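Shown next, in C-alpha cells, is the structure this report addresses.
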Amino acid sequence: DSYKWQFVEGKMLETARLYGFNEIRIPVFEHTEVFRRSVGDTTDVVQKEMYTFDDKGGRSVTLRPEFTAGVIRSAIEKGLVNGALPVKAAYVGSCYRYEKPQAGRLRELHQFGVEMFGTAEPAADAQVIAMAMSIFNRLGLADDIEVSINSIGCPTCRAEYRKALRTYFEGYKDQLCETCNSRLERNPMRILDCKSPVCGEIAKGAPKITDYLCDDCRAHFEKVQMLLKSIDIPFSIDPGLVRGLDYYTGTVYETVLLDH
C-alpha cells in the first residue's frame, strides 16, 4: 500500500507548499524535557503515553509523541525565528504513544501537520483551517468533512474558566470515572474530552468557555469566524471542543467525518 501513502502525503505537502509552508524534518527522539516543558506535566501524553528511556549516557530521551515541540525547538536552535516572520513549516511522519491505544489508534501513528509562528493574527488561524479543507478537497473528501471550531482563550481567561469547571465537577465526584477524578485538580478541561458516556453526559451541563473569554480573545475568535465565512468555509461552533496540551491557546478546531 505504499503508493497510496505516497499519493496522500504528496497531496498534503503539495497543498501546504501552495499556502507557503515548507517541509521541515526533525529527529524521531528528543531530550525528554522538550516535551515535559511544552506539552505539560499534567497531560495524559506526558504522564502515561510517552516512550521514554535513558540512553547509554544516562540522558532521558523520548520518542516524539507529537511534532510541535520538536519543530519549535529546531526553529529556535537553528535561528529560523531570526529571519522573516511568520515561519511556516509542514511535516509528515511517525509519532509514538505508549499507553494502550483507543479504538482506531495505533502506538505508532502517522501525522501530517503545519506550524506557523511569529504571528498571533486571526488570519493565521483561518489560513490553517482553509489549508486543511483544501487538502480534503484535493483528496475528494470535502463533501464528507465538517469543521468544528472553538476558542479556549488565553492563560488569563482560561484560569477563571478552570475555577468554574472545578466547582461544577466537584458536585459530581462520586459519578466521574477514576481518570476524570484525577483530572479534576490537575486539568479539569480534560474532563470535557472524556470518552466515558457517564462523564460525557455530566459534561453537557458544564460551563462553556465562550462565556469566560476576555475581550481580546472574544474579538480574535469573532474575526476568525468572519474570515472563514468570507472564504466560504462552513463551520459550527462547539463550546465543548478543547485541547489538553499546555501550549494550546485561542482557536482550536476539528475536521469531523460526517455520517451519510
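Residues are referred to by chain and number: the chain letter is A, B, ... according to the order shown in the C-alpha cells, the number counts from 1 in that chain, and ligands are numbered separately from 1 in the order shown.
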Contacts of range 235-244 of chain A at 10 Å (only C-alpha atoms; same-chain gap of 4+ positions) as a ChimeraX atom specification: /A:39-40,42-45,145-152,187-193,203-204,206-211,225,228-229,248-249,251-255
Quick one: pick out all strand (DSSP E) residues within range 37-129 of chain A from a backbone DSSP run and write them as a PDB file with N, CA, C and O atoms, in the first residue's frame.
ATOM      1  N   THR A  52       9.640   6.763  26.897  1.00  0.00           N
ATOM      2  CA  THR A  52      10.785   7.455  27.480  1.00  0.00           C
ATOM      3  C   THR A  52      11.769   6.439  28.031  1.00  0.00           C
ATOM      4  O   THR A  52      11.374   5.457  28.656  1.00  0.00           O
ATOM      5  N   PHE A  53      13.068   6.675  27.776  1.00  0.00           N
ATOM      6  CA  PHE A  53      14.092   5.741  28.268  1.00  0.00           C
ATOM      7  C   PHE A  53      15.414   6.496  28.403  1.00  0.00           C
ATOM      8  O   PHE A  53      15.589   7.587  27.844  1.00  0.00           O
ATOM      9  N   ASP A  54      16.341   5.921  29.163  1.00  0.00           N
ATOM     10  CA  ASP A  54      17.681   6.500  29.306  1.00  0.00           C
ATOM     11  C   ASP A  54      18.602   5.911  28.254  1.00  0.00           C
ATOM     12  O   ASP A  54      18.605   4.684  28.036  1.00  0.00           O
ATOM     13  N   SER A  60      17.885  11.167  29.575  1.00  0.00           N
ATOM     14  CA  SER A  60      16.499  10.751  29.316  1.00  0.00           C
ATOM     15  C   SER A  60      16.072  11.267  27.951  1.00  0.00           C
ATOM     16  O   SER A  60      16.108  12.473  27.678  1.00  0.00           O
ATOM     17  N   VAL A  61      15.667  10.338  27.073  1.00  0.00           N
ATOM     18  CA  VAL A  61      15.199  10.707  25.737  1.00  0.00           C
ATOM     19  C   VAL A  61      13.815  10.105  25.508  1.00  0.00           C
ATOM     20  O   VAL A  61      13.437   9.126  26.148  1.00  0.00           O
ATOM     21  N   THR A  62      13.073  10.723  24.607  1.00  0.00           N
ATOM     22  CA  THR A  62      11.687  10.300  24.354  1.00  0.00           C
ATOM     23  C   THR A  62      11.415  10.263  22.864  1.00  0.00           C
ATOM     24  O   THR A  62      11.765  11.207  22.135  1.00  0.00           O
ATOM     25  N   LEU A  63      10.802   9.178  22.405  1.00  0.00           N
ATOM     26  CA  LEU A  63      10.313   9.134  21.024  1.00  0.00           C
ATOM     27  C   LEU A  63       9.198  10.161  20.898  1.00  0.00           C
ATOM     28  O   LEU A  63       8.333  10.254  21.771  1.00  0.00           O
ATOM     29  N   VAL A  87       7.247  32.141  10.403  1.00  0.00           N
ATOM     30  CA  VAL A  87       7.870  30.923   9.918  1.00  0.00           C
ATOM     31  C   VAL A  87       6.751  29.905   9.690  1.00  0.00           C
ATOM     32  O   VAL A  87       5.909  29.697  10.562  1.00  0.00           O
ATOM     33  N   LYS A  88       6.739  29.293   8.517  1.00  0.00           N
ATOM     34  CA  LYS A  88       5.663  28.360   8.170  1.00  0.00           C
ATOM     35  C   LYS A  88       6.289  27.022   7.775  1.00  0.00           C
ATOM     36  O   LYS A  88       7.027  26.947   6.797  1.00  0.00           O
ATOM     37  N   ALA A  89       6.017  26.000   8.573  1.00  0.00           N
ATOM     38  CA  ALA A  89       6.644  24.689   8.375  1.00  0.00           C
ATOM     39  C   ALA A  89       5.588  23.594   8.304  1.00  0.00           C
ATOM     40  O   ALA A  89       4.575  23.646   9.000  1.00  0.00           O
ATOM     41  N   ALA A  90       5.839  22.608   7.458  1.00  0.00           N
ATOM     42  CA  ALA A  90       4.947  21.449   7.322  1.00  0.00           C
ATOM     43  C   ALA A  90       5.758  20.181   7.555  1.00  0.00           C
ATOM     44  O   ALA A  90       6.968  20.153   7.332  1.00  0.00           O
ATOM     45  N   TYR A  91       5.086  19.131   8.027  1.00  0.00           N
ATOM     46  CA  TYR A  91       5.785  17.887   8.310  1.00  0.00           C
ATOM     47  C   TYR A  91       4.849  16.707   8.136  1.00  0.00           C
ATOM     48  O   TYR A  91       3.630  16.827   8.199  1.00  0.00           O
ATOM     49  N   VAL A  92       5.449  15.554   7.913  1.00  0.00           N
ATOM     50  CA  VAL A  92       4.699  14.300   7.875  1.00  0.00           C
ATOM     51  C   VAL A  92       5.627  13.205   8.365  1.00  0.00           C
ATOM     52  O   VAL A  92       6.816  13.192   8.045  1.00  0.00           O
ATOM     53  N   GLY A  93       5.111  12.305   9.216  1.00  0.00           N
ATOM     54  CA  GLY A  93       5.952  11.237   9.733  1.00  0.00           C
ATOM     55  C   GLY A  93       5.301  10.517  10.899  1.00  0.00           C
ATOM     56  O   GLY A  93       4.127  10.725  11.206  1.00  0.00           O
ATOM     57  N   SER A  94       6.081   9.681  11.571  1.00  0.00           N
ATOM     58  CA  SER A  94       5.567   8.841  12.654  1.00  0.00           C
ATOM     59  C   SER A  94       5.690   9.529  14.009  1.00  0.00           C
ATOM     60  O   SER A  94       6.652  10.240  14.277  1.00  0.00           O
ATOM     61  N   CYS A  95       4.692   9.295  14.871  1.00  0.00           N
ATOM     62  CA  CYS A  95       4.736   9.643  16.281  1.00  0.00           C
ATOM     63  C   CYS A  95       4.472   8.372  17.076  1.00  0.00           C
ATOM     64  O   CYS A  95       3.945   7.388  16.542  1.00  0.00           O
ATOM     65  N   TYR A  96       4.796   8.416  18.375  1.00  0.00           N
ATOM     66  CA  TYR A  96       4.715   7.187  19.175  1.00  0.00           C
ATOM     67  C   TYR A  96       4.027   7.468  20.502  1.00  0.00           C
ATOM     68  O   TYR A  96       4.399   8.381  21.236  1.00  0.00           O
ATOM     69  N   GLU A 108       2.244   3.372  16.973  1.00  0.00           N
ATOM     70  CA  GLU A 108       2.959   4.199  16.007  1.00  0.00           C
ATOM     71  C   GLU A 108       1.902   4.806  15.094  1.00  0.00           C
ATOM     72  O   GLU A 108       1.240   4.097  14.343  1.00  0.00           O
ATOM     73  N   LEU A 109       1.740   6.112  15.205  1.00  0.00           N
ATOM     74  CA  LEU A 109       0.726   6.784  14.396  1.00  0.00           C
ATOM     75  C   LEU A 109       1.421   7.699  13.392  1.00  0.00           C
ATOM     76  O   LEU A 109       2.550   8.139  13.617  1.00  0.00           O
ATOM     77  N   HIS A 110       0.752   7.952  12.295  1.00  0.00           N
ATOM     78  CA  HIS A 110       1.333   8.789  11.241  1.00  0.00           C
ATOM     79  C   HIS A 110       0.595  10.118  11.213  1.00  0.00           C
ATOM     80  O   HIS A 110      -0.628  10.155  11.175  1.00  0.00           O
ATOM     81  N   GLN A 111       1.363  11.183  11.253  1.00  0.00           N
ATOM     82  CA  GLN A 111       0.773  12.506  11.415  1.00  0.00           C
ATOM     83  C   GLN A 111       1.298  13.480  10.370  1.00  0.00           C
ATOM     84  O   GLN A 111       2.490  13.515  10.070  1.00  0.00           O
ATOM     85  N   PHE A 112       0.373  14.249   9.823  1.00  0.00           N
ATOM     86  CA  PHE A 112       0.728  15.407   8.998  1.00  0.00           C
ATOM     87  C   PHE A 112       0.298  16.648   9.755  1.00  0.00           C
ATOM     88  O   PHE A 112      -0.735  16.637  10.436  1.00  0.00           O
ATOM     89  N   GLY A 113       1.072  17.700   9.650  1.00  0.00           N
ATOM     90  CA  GLY A 113       0.676  18.932  10.318  1.00  0.00           C
ATOM     91  C   GLY A 113       1.471  20.124   9.826  1.00  0.00           C
ATOM     92  O   GLY A 113       2.441  19.973   9.066  1.00  0.00           O
ATOM     93  N   VAL A 114       1.061  21.297  10.246  1.00  0.00           N
ATOM     94  CA  VAL A 114       1.787  22.524   9.931  1.00  0.00           C
ATOM     95  C   VAL A 114       1.929  23.365  11.191  1.00  0.00           C
ATOM     96  O   VAL A 114       1.141  23.247  12.127  1.00  0.00           O
ATOM     97  N   GLU A 115       2.953  24.202  11.204  1.00  0.00           N
ATOM     98  CA  GLU A 115       3.162  25.167  12.279  1.00  0.00           C
ATOM     99  C   GLU A 115       3.393  26.537  11.641  1.00  0.00           C
ATOM    100  O   GLU A 115       4.102  26.650  10.640  1.00  0.00           O
ATOM    101  N   MET A 116       2.774  27.547  12.235  1.00  0.00           N
ATOM    102  CA  MET A 116       3.020  28.919  11.816  1.00  0.00           C
ATOM    103  C   MET A 116       3.301  29.727  13.073  1.00  0.00           C
ATOM    104  O   MET A 116       2.434  29.844  13.928  1.00  0.00           O
ATOM    105  N   PHE A 117       4.517  30.243  13.222  1.00  0.00           N
ATOM    106  CA  PHE A 117       4.796  31.013  14.423  1.00  0.00           C
ATOM    107  C   PHE A 117       5.488  32.324  14.060  1.00  0.00           C
ATOM    108  O   PHE A 117       6.153  32.446  13.042  1.00  0.00           O
TER     109      PHE A 117
END
Residues near Cys157 in chain A, cut-off 9 Å, only C-alpha atoms, skip fewer than 5 positions along chain, as a PyMOL selection string: chain A and resi 152+162+209+212-214+217
Spatial neighbours of Asp216 in chain A, 12 Å, only C-alpha atoms, chain gap at least 2 places, as a count of residues only: 18
Residues of range 164-212 of chain A in alpha helix (DSSP H), written as number ranges by chain: A: 164-170, 178-186, 197-203
